[in-house]
Structure formats: structure tokens, C-alpha cells
$ cat start-v6.cif   # mmCIF, C-alpha atoms
data_work
#
loop_
_atom_site.label_atom_id
_atom_site.label_comp_id
_atom_site.auth_asym_id
_atom_site.auth_seq_id
_atom_site.Cartn_x
_atom_site.Cartn_y
_atom_site.Cartn_z
CA MET A 1 0.00 0.00 0.00
CA PRO A 2 1.74 3.23 -1.12
CA GLY A 3 2.55 5.78 1.57
CA LEU A 4 2.20 3.41 4.51
CA PRO A 5 5.16 2.48 6.73
CA PRO A 6 6.52 -1.05 6.44
CA VAL A 7 5.17 -3.72 8.75
CA THR A 8 7.27 -3.84 11.88
CA ALA A 9 9.56 -6.84 12.02
CA PRO A 10 8.90 -9.38 14.79
CA PRO A 11 10.95 -8.86 17.95
CA ALA A 12 14.27 -10.69 18.11
CA GLU A 13 13.29 -12.37 21.40
CA PRO A 14 10.08 -14.40 21.78
CA VAL A 15 7.16 -12.60 23.43
CA ASP A 16 5.46 -15.31 25.45
CA ALA A 17 3.96 -13.37 28.35
CA PRO A 18 1.86 -10.20 28.71
CA LEU A 19 4.54 -8.31 30.62
CA ALA A 20 7.10 -9.22 27.96
CA ALA A 21 4.73 -7.72 25.38
CA ALA A 22 4.53 -4.54 27.48
CA ASP A 23 8.31 -4.28 27.23
CA ALA A 24 8.49 -5.22 23.55
CA VAL A 25 5.90 -2.68 22.40
CA GLY A 26 8.38 0.11 23.13
CA THR A 27 10.51 -0.98 20.19
CA VAL A 28 7.50 -1.18 17.87
CA LEU A 29 6.20 2.18 19.04
CA GLY A 30 9.61 3.74 18.48
CA GLN A 31 9.73 2.44 14.90
CA VAL A 32 6.23 3.72 14.18
CA LEU A 33 7.01 7.14 15.64
CA ASP A 34 10.26 7.43 13.70
CA GLU A 35 8.27 7.08 10.49
CA ARG A 36 5.53 9.47 11.64
CA LEU A 37 8.11 12.07 12.65
CA ARG A 38 9.90 11.79 9.33
CA LEU A 39 6.62 12.45 7.52
CA SER A 40 5.69 15.29 9.90
CA ARG A 41 9.00 17.09 9.35
CA ALA A 42 8.53 16.73 5.60
CA VAL A 43 5.07 18.33 5.87
CA ASP A 44 6.40 21.28 7.88
CA PRO A 45 9.62 21.56 9.92
CA VAL A 46 8.16 23.92 12.56
CA PHE A 47 5.17 21.64 13.13
CA GLY A 48 7.46 18.60 13.20
CA ARG A 49 9.91 20.13 15.65
CA GLU A 50 7.56 21.91 18.04
CA LEU A 51 4.50 19.65 18.11
CA ALA A 52 5.13 16.21 16.63
CA ASP A 53 8.47 15.77 18.42
CA ARG A 54 6.92 16.69 21.77
CA LEU A 55 4.09 14.24 21.20
CA ALA A 56 6.54 11.44 20.41
CA THR A 57 8.51 12.20 23.55
CA LEU A 58 5.38 11.97 25.70
CA ALA A 59 4.26 8.73 24.06
CA THR A 60 7.59 7.04 24.73
CA ARG A 61 8.22 8.45 28.22
CA GLY A 62 7.27 6.11 31.06
CA GLY A 63 3.84 4.58 31.38
CA LYS A 64 3.00 1.04 32.49
CA ARG A 65 1.82 -0.05 29.02
CA LEU A 66 -0.77 -2.26 30.64
CA ARG A 67 -3.10 -1.96 27.66
CA THR A 68 -0.57 -3.74 25.46
CA ALA A 69 -0.11 -6.40 28.13
CA PHE A 70 -3.85 -6.99 28.34
CA ALA A 71 -4.14 -7.12 24.54
CA HIS A 72 -1.47 -9.82 24.48
CA CYS A 73 -3.26 -11.64 27.30
CA GLY A 74 -6.52 -11.63 25.32
CA TRP A 75 -4.70 -12.92 22.24
CA ARG A 76 -3.22 -15.84 24.19
CA ALA A 77 -6.53 -16.52 25.95
CA ALA A 78 -8.21 -16.95 22.56
CA GLY A 79 -5.53 -19.35 21.32
CA GLY A 80 -3.16 -16.86 19.70
CA SER A 81 0.41 -18.06 19.16
CA GLY A 82 3.41 -17.50 16.93
CA ASP A 83 4.30 -14.08 15.52
CA PRO A 84 2.97 -11.34 17.87
CA THR A 85 3.59 -8.46 15.44
CA ALA A 86 -0.11 -7.61 14.97
CA VAL A 87 -0.64 -7.64 18.73
CA LEU A 88 2.32 -5.34 19.32
CA ARG A 89 1.21 -2.94 16.60
CA THR A 90 -2.26 -2.88 18.17
CA GLY A 91 -0.55 -2.19 21.48
CA ALA A 92 1.39 0.69 19.92
CA ALA A 93 -1.89 2.12 18.63
CA LEU A 94 -3.28 1.88 22.17
CA GLU A 95 -0.24 3.75 23.49
CA LEU A 96 -0.83 6.57 21.00
CA LEU A 97 -4.50 6.69 21.94
CA GLN A 98 -3.43 6.91 25.58
CA ALA A 99 -1.19 9.86 24.69
CA CYS A 100 -4.22 11.60 23.17
CA ALA A 101 -6.26 10.93 26.31
CA LEU A 102 -3.53 12.18 28.64
CA ILE A 103 -2.94 15.40 26.71
CA HIS A 104 -6.62 16.28 26.50
CA ASP A 105 -7.25 15.22 30.11
CA ASP A 106 -4.44 17.45 31.37
CA VAL A 107 -5.88 20.40 29.44
CA MET A 108 -9.38 19.85 30.79
CA ASP A 109 -8.23 19.29 34.37
CA GLY A 110 -5.58 22.00 34.35
CA SER A 111 -2.94 19.48 35.45
CA VAL A 112 0.59 20.86 35.34
CA ARG A 113 2.67 17.67 35.42
CA ARG A 114 2.59 14.36 33.59
CA ARG A 115 4.99 11.44 33.92
CA GLY A 116 7.42 13.43 36.02
CA VAL A 117 7.72 16.46 33.69
CA PRO A 118 5.58 19.50 32.84
CA ALA A 119 2.36 18.60 31.04
CA LEU A 120 2.42 19.19 27.29
CA HIS A 121 0.24 22.32 27.37
CA VAL A 122 2.58 23.76 30.00
CA GLN A 123 5.65 23.01 27.86
CA LEU A 124 4.06 24.68 24.85
CA ALA A 125 3.01 27.74 26.88
CA ARG A 126 6.55 28.11 28.23
CA GLY A 127 7.95 27.85 24.72
CA HIS A 128 5.60 30.61 23.58
CA TRP A 129 6.69 32.86 26.46
CA ALA A 130 10.41 32.14 26.01
CA ALA A 131 10.21 33.01 22.30
CA GLY A 132 8.57 36.36 23.07
CA MET A 133 5.59 35.55 20.88
CA HIS A 134 2.45 37.67 20.85
CA GLY A 135 -0.79 36.83 22.62
CA SER A 136 -1.56 34.73 25.67
CA SER A 137 1.00 31.99 26.35
CA GLU A 138 -1.61 30.00 28.25
CA SER A 139 -4.10 30.16 25.39
CA PHE A 140 -1.41 29.17 22.89
CA GLY A 141 -0.32 26.21 25.03
CA THR A 142 -3.88 24.97 25.44
CA SER A 143 -4.73 25.29 21.75
CA ALA A 144 -1.50 23.65 20.60
CA ALA A 145 -1.94 20.79 23.09
CA VAL A 146 -5.43 20.09 21.72
CA LEU A 147 -3.85 19.78 18.27
CA ALA A 148 -1.17 17.44 19.66
CA GLY A 149 -3.88 15.24 21.16
CA ASP A 150 -5.72 15.22 17.84
CA LEU A 151 -2.50 14.22 16.09
CA ALA A 152 -1.98 11.34 18.53
CA LEU A 153 -5.51 10.13 17.81
CA ALA A 154 -4.91 10.34 14.05
CA TRP A 155 -1.68 8.36 14.34
CA ALA A 156 -3.39 5.76 16.53
CA ASP A 157 -6.26 5.34 14.05
CA ASP A 158 -3.85 5.09 11.13
CA LEU A 159 -1.81 2.39 12.83
CA LEU A 160 -4.87 0.39 13.87
CA ALA A 161 -6.25 0.60 10.32
CA GLU A 162 -2.94 -0.56 8.83
CA THR A 163 -2.87 -3.47 11.28
CA ALA A 164 -6.49 -4.40 10.57
CA LEU A 165 -5.82 -4.47 6.83
CA GLY A 166 -3.07 -7.02 7.41
CA THR A 167 -5.17 -9.55 9.33
CA PRO A 168 -8.16 -11.71 8.31
CA HIS A 169 -9.92 -10.52 11.47
CA GLY A 170 -9.56 -6.81 10.72
CA ALA A 171 -13.29 -6.00 10.63
CA ARG A 172 -13.86 -7.29 14.16
CA LEU A 173 -10.68 -5.62 15.37
CA HIS A 174 -11.88 -2.27 14.05
CA GLU A 175 -15.34 -2.79 15.55
CA GLU A 176 -13.83 -3.13 19.04
CA TRP A 177 -11.59 -0.11 18.44
CA ARG A 178 -14.52 2.03 17.27
CA ALA A 179 -16.60 1.13 20.33
CA MET A 180 -13.69 1.90 22.64
CA ARG A 181 -13.14 5.40 21.25
CA THR A 182 -16.80 6.33 21.72
CA GLU A 183 -16.80 4.97 25.28
CA MET A 184 -13.73 7.04 26.09
CA VAL A 185 -15.36 10.26 24.96
CA ALA A 186 -18.59 9.39 26.76
CA GLY A 187 -16.67 8.77 29.98
CA GLN A 188 -14.74 12.02 29.70
CA TYR A 189 -17.95 13.95 29.11
CA ARG A 190 -19.68 12.32 32.08
CA ASP A 191 -16.64 13.27 34.17
CA LEU A 192 -16.93 16.93 33.12
CA HIS A 193 -20.71 16.84 33.57
CA ALA A 194 -20.44 15.43 37.09
CA GLN A 195 -18.01 18.16 38.12
CA ALA A 196 -20.22 20.89 36.67
CA ALA A 197 -23.32 19.40 38.31
CA ARG A 198 -21.43 18.91 41.62
CA SER A 199 -22.57 15.30 41.74
CA SER A 200 -21.81 12.95 44.62
CA GLY A 201 -23.65 9.76 43.63
CA VAL A 202 -21.94 6.39 43.99
CA ASP A 203 -23.64 4.93 40.90
CA GLU A 204 -22.61 7.91 38.79
CA ALA A 205 -19.03 7.61 40.01
CA LEU A 206 -18.96 3.95 38.98
CA THR A 207 -20.43 4.78 35.56
CA ILE A 208 -17.72 7.36 34.93
CA ALA A 209 -14.96 5.02 36.10
CA THR A 210 -16.28 2.23 33.88
CA LEU A 211 -16.63 4.32 30.71
CA LYS A 212 -13.56 6.48 31.14
CA SER A 213 -11.12 3.86 32.36
CA ALA A 214 -12.28 0.27 32.92
CA LEU A 215 -13.43 -0.48 29.38
CA TYR A 216 -10.59 1.41 27.74
CA THR A 217 -7.80 0.13 29.97
CA VAL A 218 -8.64 -3.56 30.21
CA ALA A 219 -11.91 -4.76 28.66
CA ARG A 220 -11.40 -3.49 25.12
CA PRO A 221 -7.64 -4.28 24.98
CA LEU A 222 -8.42 -7.87 26.02
CA ALA A 223 -11.05 -8.06 23.27
CA LEU A 224 -8.77 -6.43 20.69
CA GLY A 225 -6.13 -9.09 21.32
CA ALA A 226 -8.70 -11.87 21.23
CA CYS A 227 -10.07 -10.58 17.90
CA LEU A 228 -6.62 -10.97 16.37
CA ALA A 229 -6.81 -14.66 17.30
CA GLY A 230 -10.28 -15.05 15.77
CA ALA A 231 -12.07 -15.48 19.09
CA GLU A 232 -15.67 -16.65 19.23
CA GLU A 233 -18.29 -14.31 20.66
CA ARG A 234 -18.66 -16.29 23.89
CA VAL A 235 -14.93 -15.91 24.51
CA LEU A 236 -15.12 -12.17 23.81
CA ASP A 237 -18.06 -11.81 26.20
CA ALA A 238 -16.15 -13.53 29.01
CA LEU A 239 -13.04 -11.44 28.40
CA ARG A 240 -15.00 -8.18 28.28
CA ALA A 241 -16.67 -9.06 31.61
CA ALA A 242 -13.31 -9.92 33.15
CA GLY A 243 -11.83 -6.71 31.79
CA ARG A 244 -14.66 -4.57 33.09
CA CYS A 245 -14.07 -5.84 36.64
CA ALA A 246 -10.27 -5.66 36.47
CA GLY A 247 -10.40 -2.24 34.81
CA LEU A 248 -12.73 -0.85 37.43
CA ALA A 249 -10.44 -2.16 40.18
CA PHE A 250 -7.54 -0.47 38.37
CA GLN A 251 -9.35 2.88 38.37
CA LEU A 252 -10.32 2.59 42.03
CA ARG A 253 -6.65 2.01 42.85
CA ASN A 254 -5.79 5.11 40.82
CA ASP A 255 -8.35 7.06 42.84
CA LEU A 256 -6.61 6.04 46.05
CA VAL A 257 -3.20 6.93 44.62
CA GLY A 258 -4.58 10.28 43.46
CA ALA A 259 -5.77 11.08 46.97
CA PHE A 260 -3.00 9.57 49.07
CA GLY A 261 -0.07 8.86 46.73
CA ASP A 262 3.43 10.27 46.88
CA PRO A 263 4.11 12.62 43.93
CA ALA A 264 7.80 11.68 44.09
CA GLN A 265 6.80 8.12 43.12
CA THR A 266 3.86 8.81 40.81
CA GLY A 267 5.40 11.75 38.92
CA GLU A 268 2.08 13.60 39.22
CA PRO A 269 0.51 15.90 41.82
CA ALA A 270 -1.42 14.05 44.53
CA ASP A 271 -4.06 16.72 45.06
CA ASP A 272 -5.49 17.39 41.59
CA ASP A 273 -8.60 15.21 42.00
CA LEU A 274 -9.34 16.65 45.43
CA ARG A 275 -8.78 20.29 44.40
CA SER A 276 -11.15 19.90 41.46
CA ARG A 277 -13.52 17.73 43.54
CA LYS A 278 -13.53 15.16 40.76
CA LEU A 279 -16.30 12.62 41.28
CA THR A 280 -14.48 9.41 42.14
CA TYR A 281 -15.89 6.32 43.79
CA LEU A 282 -13.70 7.15 46.80
CA LEU A 283 -15.29 10.58 47.16
CA ALA A 284 -18.83 9.31 46.59
CA VAL A 285 -18.45 6.60 49.23
CA ALA A 286 -16.98 9.08 51.71
CA VAL A 287 -19.90 11.49 51.21
CA ARG A 288 -22.40 8.69 51.70
CA LEU A 289 -20.65 7.44 54.86
CA ALA A 290 -20.35 10.96 56.28
CA ASP A 291 -24.09 11.49 55.80
CA ALA A 292 -24.96 8.08 57.25
CA GLY A 293 -22.73 8.65 60.29
CA ASP A 294 -23.89 12.23 60.78
CA ASP A 295 -20.27 13.35 60.53
CA ARG A 296 -20.95 17.01 59.78
CA GLN A 297 -17.28 17.98 59.72
CA ALA A 298 -16.46 15.36 57.07
CA ALA A 299 -19.61 16.20 55.11
CA ALA A 300 -18.66 19.87 55.05
CA ALA A 301 -15.09 19.11 53.94
CA LEU A 302 -16.39 17.03 51.04
CA ALA A 303 -19.49 19.02 50.16
CA PRO A 304 -20.15 19.96 46.52
CA ASP A 305 -19.68 23.64 47.33
CA ALA A 306 -16.50 23.14 49.38
CA ASP A 307 -13.64 25.39 48.31
CA LEU A 308 -10.68 23.03 47.99
CA ARG A 309 -8.16 25.38 46.46
CA SER A 310 -6.12 25.87 49.61
CA GLY A 311 -3.70 23.37 51.08
CA SER A 312 -5.52 23.32 54.41
CA ALA A 313 -8.86 22.54 52.72
CA VAL A 314 -7.26 19.67 50.78
CA ARG A 315 -5.80 18.28 54.01
CA GLN A 316 -9.21 18.45 55.67
CA ALA A 317 -10.78 16.64 52.72
CA ARG A 318 -8.11 13.95 52.84
CA SER A 319 -8.64 13.56 56.59
CA ALA A 320 -12.39 13.20 55.97
CA LEU A 321 -11.75 10.41 53.45
CA ARG A 322 -9.79 8.54 56.10
CA ARG A 323 -12.12 9.22 59.03
CA THR A 324 -15.28 8.06 57.25
CA GLY A 325 -13.70 4.69 56.44
CA ALA A 326 -14.07 5.28 52.70
CA ARG A 327 -10.50 4.19 52.05
CA GLU A 328 -11.14 0.75 53.57
CA VAL A 329 -14.39 0.39 51.62
CA VAL A 330 -12.58 1.10 48.36
CA GLU A 331 -9.79 -1.36 49.22
CA ALA A 332 -12.42 -4.07 49.83
CA LYS A 333 -14.14 -3.22 46.55
CA ILE A 334 -10.85 -3.54 44.67
CA GLU A 335 -10.28 -7.03 46.10
CA GLU A 336 -13.85 -8.06 45.27
CA LEU A 337 -13.52 -6.85 41.68
CA ALA A 338 -10.13 -8.55 41.25
CA ASP A 339 -11.65 -11.88 42.30
CA LEU A 340 -14.61 -11.42 39.97
CA ALA A 341 -12.25 -10.63 37.11
CA LEU A 342 -10.54 -14.01 37.47
CA THR A 343 -13.87 -15.81 37.66
CA HIS A 344 -15.03 -14.24 34.39
CA PHE A 345 -11.67 -14.86 32.74
CA ASP A 346 -11.90 -18.57 33.56
CA ARG A 347 -15.19 -18.70 31.60
CA SER A 348 -13.27 -17.81 28.44
CA GLY A 349 -11.67 -21.26 28.42
CA ALA A 350 -8.21 -19.70 28.37
CA PRO A 351 -5.26 -22.09 28.80
CA PRO A 352 -3.51 -22.18 32.21
CA ALA A 353 -0.59 -20.01 31.08
CA ALA A 354 -2.96 -17.25 29.95
CA ARG A 355 -4.93 -17.48 33.19
CA HIS A 356 -1.75 -17.17 35.23
CA GLY A 357 -0.63 -14.21 33.13
CA PHE A 358 -3.97 -12.48 33.61
CA ALA A 359 -3.82 -12.99 37.39
CA ALA A 360 -0.35 -11.45 37.46
CA LEU A 361 -1.55 -8.48 35.42
CA VAL A 362 -4.54 -7.92 37.69
CA GLU A 363 -2.27 -7.92 40.71
CA ARG A 364 0.11 -5.46 39.06
CA ALA A 365 -2.67 -3.14 37.88
CA THR A 366 -4.73 -3.11 41.06
CA GLY A 367 -2.35 -3.93 43.90
CA ALA A 368 -4.74 -6.71 44.93
CA VAL A 369 -3.82 -10.38 45.00
CA PRO A 370 -6.91 -12.23 43.69
CA SER A 371 -7.94 -14.99 46.07
CA ALA A 372 -8.42 -17.35 43.15
CA GLU A 373 -4.83 -16.96 41.96
CA GLU A 374 -3.75 -20.36 43.27
CA GLU A 375 -6.30 -21.99 40.99
CA VAL A 376 -4.65 -20.53 37.89
CA ALA A 377 -1.03 -21.06 38.84
#

$ encode --input "start-v6.cif" --output "C-alpha cells"
Amino acid sequence: MPGLPPVTAPPAEPVDAPLAAADAVGTVLGQVLDERLRLSRAVDPVFGRELADRLATLATRGGKRLRTAFAHCGWRAAGGSGDPTAVLRTGAALELLQACALIHDDVMDGSVRRRGVPALHVQLARGHWAAGMHGSSESFGTSAAVLAGDLALAWADDLLAETALGTPHGARLHEEWRAMRTEMVAGQYRDLHAQAARSSGVDEALTIATLKSALYTVARPLALGACLAGAEERVLDALRAAGRCAGLAFQLRNDLVGAFGDPAQTGEPADDDLRSRKLTYLLAVAVRLADAGDDRQAAAALAPDADLRSGSAVRQARSALRRTGAREVVEAKIEELADLALTHFDRSGAPPAARHGFAALVERATGAVPSAEEEVA
């Protein structure tokens, strides 16, 4: 096909496990980005240098690459074997889609750091200011970052389409990809809507976490990998159910890290969700427990109209999360979801090695050791 980059060569070392795929996708992603950057610089050197290069740096900097690992796990669960090139290219597309999500999310949330460095819109604003350009540096940074996110999405779609064209299961692969993109946008909108509406409902928090993270992080990657192996619908259904539970547990762990984590370890501020009063399951549970226990101090600290811009207000909110027992409730929910994920995964009929790999991934993603892990060892 004229104009398309060559198919990435298989890795020199065998990729037999999900975590090995997470490591190997870096090489594939680097090769894809090299080609994209070459084309971008040919289109326009300023665009290539100032926008495309920054995007490529973000996409290759850090990240757990769990989506690639889960895609590989789904492929193996559905009987996939041999050359993993299509799986790794799908994983690289997921990494580019993640870059799009991170860039746009940082703009919408006003986050200033990402993966241990200034967020992309902050970098672009600083570049505008340093160059003595006209107009608002902040507005320039925001607008340029939106374009960078759009570019990441375009590159992700291009790579997925190229991969789909090279497999007999391309139509089903693209169907999963298309559904995932719509779910992501729906989840992001519900997140914005909940903040604007000052919502505190537990069910709404779970809906947002499912749409914005659980399906996109685990359920759809599992199904994408399984599609590449020609999985039957019953297998896909079991994997999607397993992924929904594991992905939700992953997001609940992220909520805890966002509220209580150490920025020196996470590379991101620990207070962003609290300052913006983002509707997380952790917050919703704490509000419900404060009301049920008639804890007026905690209820006031977490109220929809609470001003959480100051450090003291954030500390009071964090203390309220602890005092209500919400943290323990979320920890128990994570363990419950991790166990359910393994139960659903077993229904897929996956071989023992794939079941063991999935259990290891769930533990890594959620920090919970599923109680059924011994059964899949």
C-alpha cells in the first residue's frame, strides 16, 4: 500500500507473556514514531519540531503499558500463538490513543505535570513565552496541546487501520476499536458533567470510572487481542466481563493513589482530583458514609460547594476520606472486583498459562492479590 510504513519486524526475542509484550511494544512504538516524525517534518519543519516531536517524547516516556499487556493476554486466551507483530502494533496504537487521552485530560483538568515532567500544554506555553511571541502563552499552550492530542488520535487510528488491513480478522478488530473510542469520549464527558453538576452519587461515580477507564484500559484491549486470534463471541463476552471488573479495580486504585499517593513516586501531583472535587468512587463513598454517620465535619469538607483550592482545605478533605472509612471500603471493593475478574476470565476457556498471566496483570494493575490466583497457577 503506497505511503504506509513497512510492517514492523517481529521482535528478536520471543514474546510469550503479557509483561514481555509490554516491554516489547516500546521498540515497535519507536519504529512507528520514527516514520511518523519523518513524515511530519517533511510536511512542515516547525510543526514537526515543536508539536510532533513533543508528542513522540510523551508517548515514549514512562507509562506502564498495561493496555498492550492486556491485549497480548486476550490474544493468548483466545488461542493466539506465533508471531505477535499484529498484537504489538495494536498495542502501539493503544499507546498513541493513551497519549491523546492524557494530553486532553491534562488540558481539561488544568494538570501541570505528567509522567514526572511539565504537562504538554505547560511546555508549549513556556515555549511561547520564552520566544517572546504575541498573545496569551496559556491560550497558545492549550490550543496547541489540543492539536497534539488530535495528532496522537490520528496516528493511533492510522496504525490500527494498517494493522487491521493485514489480518483476516480486521473488521472485528476495528469494531472493538470504534466502540472503545466512543466509550472514552462518553466517559470524559460524564466526568466533566459530574463536576459541573457537583454530583456525589456512587452509581454515577462507577459509571464514569467504567466508561472512562475500565473499558478502555482492560476490557477493550483484552477483546482487541482476542479478535486478532479469531475469538468466538462467547470468549469475547467472558473477556470483556473480566476486563470490566479488572479495569474498574484499576481505576479505584488510581483514585486512592490520586488522593493519598506520593508525587515523588507517581510523577504527578497528589491533590489534583481533590482540588477539582472530581467525582471518584472514593469521594462518593466518603460522602455517603459521612451522611450516614452524621459526621458534619467530614460532610462539610467534602461538600459539593467546598472550596478546595487551599492546602488546608485539601488536608481536611483527605482527613475526611480517612475518618469516614471510605479508604477501607474502596480497598475491599478492589479485592472483590479482582476476584470477579478471574472468575469471568476462567469462563473464556483460556489455557492455564494465559490465566496465570492475567492474574499477574490484575495484581500489578490493582495492587490486589486475587484470592483465586492459586487456581490458575

$ closest_residue --input "start-v6.cif" --among "A:Val257, A:Leu337, A:Val285, A:Ala92" --to "Ala71 (chain A)" --atoms "all atoms listed in the file"
A:Ala92

$ resolve_selection --input "start-v6.cif" --expression "the PyMOL selection byres ((chain A and resi 247) around 7)" --output "PyMOL selection string"
chain A and resi 213-215+217-219+243-246+248-251

$ atom_distance --input "start-v6.cif" --atom1 "CA of Gly230 (chain A)" --atom2 "CA of Ser81 (chain A)"
11.6 Å

$ closest_residue --input "start-v6.cif" --among "A:Pro168, A:Ser40, A:Val28, A:Pro221" --to "Asp53 (chain A)" --atoms "all atoms listed in the file"
A:Ser40

$ resolve_selection --input "start-v6.cif" --expression "the PyMOL selection byres ((chain A and resi 123-133) around 10)" --output "CSV table (one decimal) with C-alpha atoms, in the frame of the given file"
chain,number,residue,atom,x,y,z
A,50,GLU,CA,7.6,21.9,18.0
A,51,LEU,CA,4.5,19.6,18.1
A,54,ARG,CA,6.9,16.7,21.8
A,112,VAL,CA,0.6,20.9,35.3
A,113,ARG,CA,2.7,17.7,35.4
A,117,VAL,CA,7.7,16.5,33.7
A,118,PRO,CA,5.6,19.5,32.8
A,119,ALA,CA,2.4,18.6,31.0
A,120,LEU,CA,2.4,19.2,27.3
A,121,HIS,CA,0.2,22.3,27.4
A,122,VAL,CA,2.6,23.8,30.0
A,134,HIS,CA,2.4,37.7,20.8
A,135,GLY,CA,-0.8,36.8,22.6
A,136,SER,CA,-1.6,34.7,25.7
A,137,SER,CA,1.0,32.0,26.4
A,138,GLU,CA,-1.6,30.0,28.2
A,139,SER,CA,-4.1,30.2,25.4
A,140,PHE,CA,-1.4,29.2,22.9
A,141,GLY,CA,-0.3,26.2,25.0
A,142,THR,CA,-3.9,25.0,25.4
A,143,SER,CA,-4.7,25.3,21.8
A,144,ALA,CA,-1.5,23.6,20.6
A,145,ALA,CA,-1.9,20.8,23.1

$ residues_around --input "start-v6.cif" --residues "Leu39 (chain A)" --least-positions-apart "2" --cutoff "12 Å" --atoms "all atoms listed in the file" --output "list in words"
Gly3, Leu4, Pro5, Val32, Leu33, Asp34, Glu35, Arg36, Leu37, Arg41, Ala42, Val43, Asp44, Pro45, Phe47, Gly48, Arg49, Ala52, Asp53 and Trp155 of chain A

$ residues_around --input "start-v6.cif" --residues "Arg198 (chain A)" --least-positions-apart "2" --cutoff "8 Å" --atoms "only C-alpha atoms" --output "list in words"
Ala194, Gln195, Ala196, Ser200, Pro304 and Asp305 of chain A

$ closest_residue --input "start-v6.cif" --among "A:Tyr216, A:Thr163, A:Arg288, A:Leu340" --to "Val202 (chain A)" --atoms "only C-alpha atoms"
A:Arg288

$ resolve_selection --input "start-v6.cif" --expression "the PyMOL selection byres ((chain A and resi 96) around 8)" --output "list of chain:residue names"
A:Ala59, A:Ala92, A:Ala93, A:Leu94, A:Glu95, A:Leu97, A:Gln98, A:Ala99, A:Cys100, A:Ala152, A:Leu153, A:Trp155, A:Ala156

$ closest_residue --input "start-v6.cif" --among "A:Gly357, A:Gly201, A:Gly258, A:Pro351" --to "Ala284 (chain A)" --atoms "all atoms listed in the file"
A:Gly201

$ residues_around --input "start-v6.cif" --residues "region 270-277 of chain A" --least-positions-apart "6" --cutoff "7 Å" --atoms "only C-alpha atoms" --output "PyMOL selection string"
chain A and resi 111+258-263+308-309+314

$ closest_residue --input "start-v6.cif" --among "A:Ala56, A:Leu192, A:Val329, A:Ala69" --to "Ala148 (chain A)" --atoms "all atoms listed in the file"
A:Ala56

$ closest_residue --input "start-v6.cif" --among "A:Thr167, A:Asn254, A:Thr210, A:Thr60" --to "Met180 (chain A)" --atoms "all atoms listed in the file"
A:Thr210

$ residues_around --input "start-v6.cif" --residues "Val287 (chain A)" --least-positions-apart "4" --cutoff "12 Å" --atoms "only C-alpha atoms" --output "ChimeraX atom specification"
/A:199-202,205,277,279-283,291-304,317,320-327

$ atom_distance --input "start-v6.cif" --atom1 "CA of Leu239 (chain A)" --atom2 "CA of Gly349 (chain A)"
9.9 Å

$ atom_distance --input "start-v6.cif" --atom1 "CA of Asp23 (chain A)" --atom2 "CA of Glu331 (chain A)"
28.6 Å

$ residues_around --input "start-v6.cif" --residues "Pro18 (chain A)" --least-positions-apart "4" --cutoff "12 Å" --atoms "all atoms listed in the file" --output "count of residues only"
37
